[in-house]
Amino acid sequence: MTDQPSPTPLNLIADGRRREMAVEHILFGTIRFLSHRHPELLDELEGSLSHLWDKSEGEERDDEAVRDIARKFIRSLRAEA
């Protein structure tokens, strides 16, 4: 068995970002697929944005910035329809 080096903070951040990109891709593709068959899905998602919030603490927390990103995703999906 080979010894694997301990992950560095930068490696952990990079791995987390890669997972985030993969999940975004899969979710975006799934929503695209479903919204072509159920156009009302995008209306439902847009209507739910008031419940979306930022998990950050303190000054870094910006609920509206998180909602704005979601709105951009929804606009992008609508443009593809």
# chains A, B, ... in the order shown; residues from 1 in each chain; ligands from 1
>>> residues_around(residues="region 12-27 of chain A", least_positions_apart="4", cutoff="12 Å", atoms="only C-alpha atoms", output="ChimeraX atom specification")
/A:6-8,31-35,69-70,73,77
>>> residues_around(residues="Asp63 (chain A)", least_positions_apart="5", cutoff="8 Å", atoms="only C-alpha atoms", output="list in words")
Leu52, Trp53 and Asp54 of chain A
>>> write_last_selection(atoms="N, CA, C and O atoms", output="mmCIF file, in the first residue's frame")
data_model
loop_
_atom_site.group_PDB
_atom_site.id
_atom_site.type_symbol
_atom_site.label_atom_id
_atom_site.label_comp_id
_atom_site.auth_asym_id
_atom_site.auth_seq_id
_atom_site.Cartn_x
_atom_site.Cartn_y
_atom_site.Cartn_z
ATOM 1 N N LEU A 52 -34.316 31.206 -0.746
ATOM 2 C CA LEU A 52 -32.896 30.888 -0.933
ATOM 3 C C LEU A 52 -32.052 31.859 -0.118
ATOM 4 O O LEU A 52 -32.301 33.061 -0.112
ATOM 5 N N TRP A 53 -31.043 31.330 0.567
ATOM 6 C CA TRP A 53 -30.202 32.195 1.390
ATOM 7 C C TRP A 53 -28.759 31.721 1.366
ATOM 8 O O TRP A 53 -28.459 30.607 0.949
ATOM 9 N N ASP A 54 -27.900 32.589 1.807
ATOM 10 C CA ASP A 54 -26.461 32.349 1.859
ATOM 11 C C ASP A 54 -26.112 31.775 3.230
ATOM 12 O O ASP A 54 -26.501 32.326 4.260
#
>>> closest_residue(among="A:Arg78, A:His36, A:Lys72, A:Arg61", to="Leu49 (chain A)", atoms="only C-alpha atoms")
A:Lys72
>>> residues_around(residues="His51 (chain A)", least_positions_apart="5", cutoff="12 Å", atoms="only C-alpha atoms", output="number ranges by chain")
A: 45-46, 63-64, 66-67, 70
>>> write_last_selection(atoms="N, CA and C atoms", output="PDB file, in the first residue's frame")
ATOM      1  N   LEU A  45     -39.471  27.359  -9.837  1.00  0.00           N
ATOM      2  CA  LEU A  45     -38.149  27.638  -9.279  1.00  0.00           C
ATOM      3  C   LEU A  45     -37.975  29.125  -9.014  1.00  0.00           C
ATOM      4  N   GLU A  46     -38.387  29.934  -9.983  1.00  0.00           N
ATOM      5  CA  GLU A  46     -38.256  31.381  -9.815  1.00  0.00           C
ATOM      6  C   GLU A  46     -39.086  31.869  -8.623  1.00  0.00           C
ATOM      7  N   ASP A  63     -27.471  37.127   0.929  1.00  0.00           N
ATOM      8  CA  ASP A  63     -28.595  36.337   0.418  1.00  0.00           C
ATOM      9  C   ASP A  63     -28.971  36.753  -1.002  1.00  0.00           C
ATOM     10  N   GLU A  64     -29.001  38.055  -1.250  1.00  0.00           N
ATOM     11  CA  GLU A  64     -29.423  38.536  -2.565  1.00  0.00           C
ATOM     12  C   GLU A  64     -28.430  38.130  -3.655  1.00  0.00           C
ATOM     13  N   VAL A  66     -26.791  35.330  -3.763  1.00  0.00           N
ATOM     14  CA  VAL A  66     -27.101  33.930  -4.048  1.00  0.00           C
ATOM     15  C   VAL A  66     -28.351  33.849  -4.933  1.00  0.00           C
ATOM     16  N   ARG A  67     -29.351  34.648  -4.615  1.00  0.00           N
ATOM     17  CA  ARG A  67     -30.581  34.673  -5.422  1.00  0.00           C
ATOM     18  C   ARG A  67     -30.298  35.163  -6.835  1.00  0.00           C
ATOM     19  N   ALA A  70     -28.958  32.392  -8.912  1.00  0.00           N
ATOM     20  CA  ALA A  70     -30.051  31.488  -9.296  1.00  0.00           C
ATOM     21  C   ALA A  70     -30.888  32.099 -10.414  1.00  0.00           C
TER      22      ALA A  70
END
>>> closest_residue(among="A:Glu44, A:Thr30, A:His38, A:Ser50", to="Asp68 (chain A)", atoms="only C-alpha atoms")
A:Ser50
>>> atom_distance(atom1="CA of Lys55 (chain A)", atom2="CA of Phe28 (chain A)")
21.0 Å
>>> select_by_dssp(residues="chain A", states="helix (DSSP H, G or I)", output="MDAnalysis selection string")
chainID A and resid 9:37 40:47 49:51 58:60 63:80
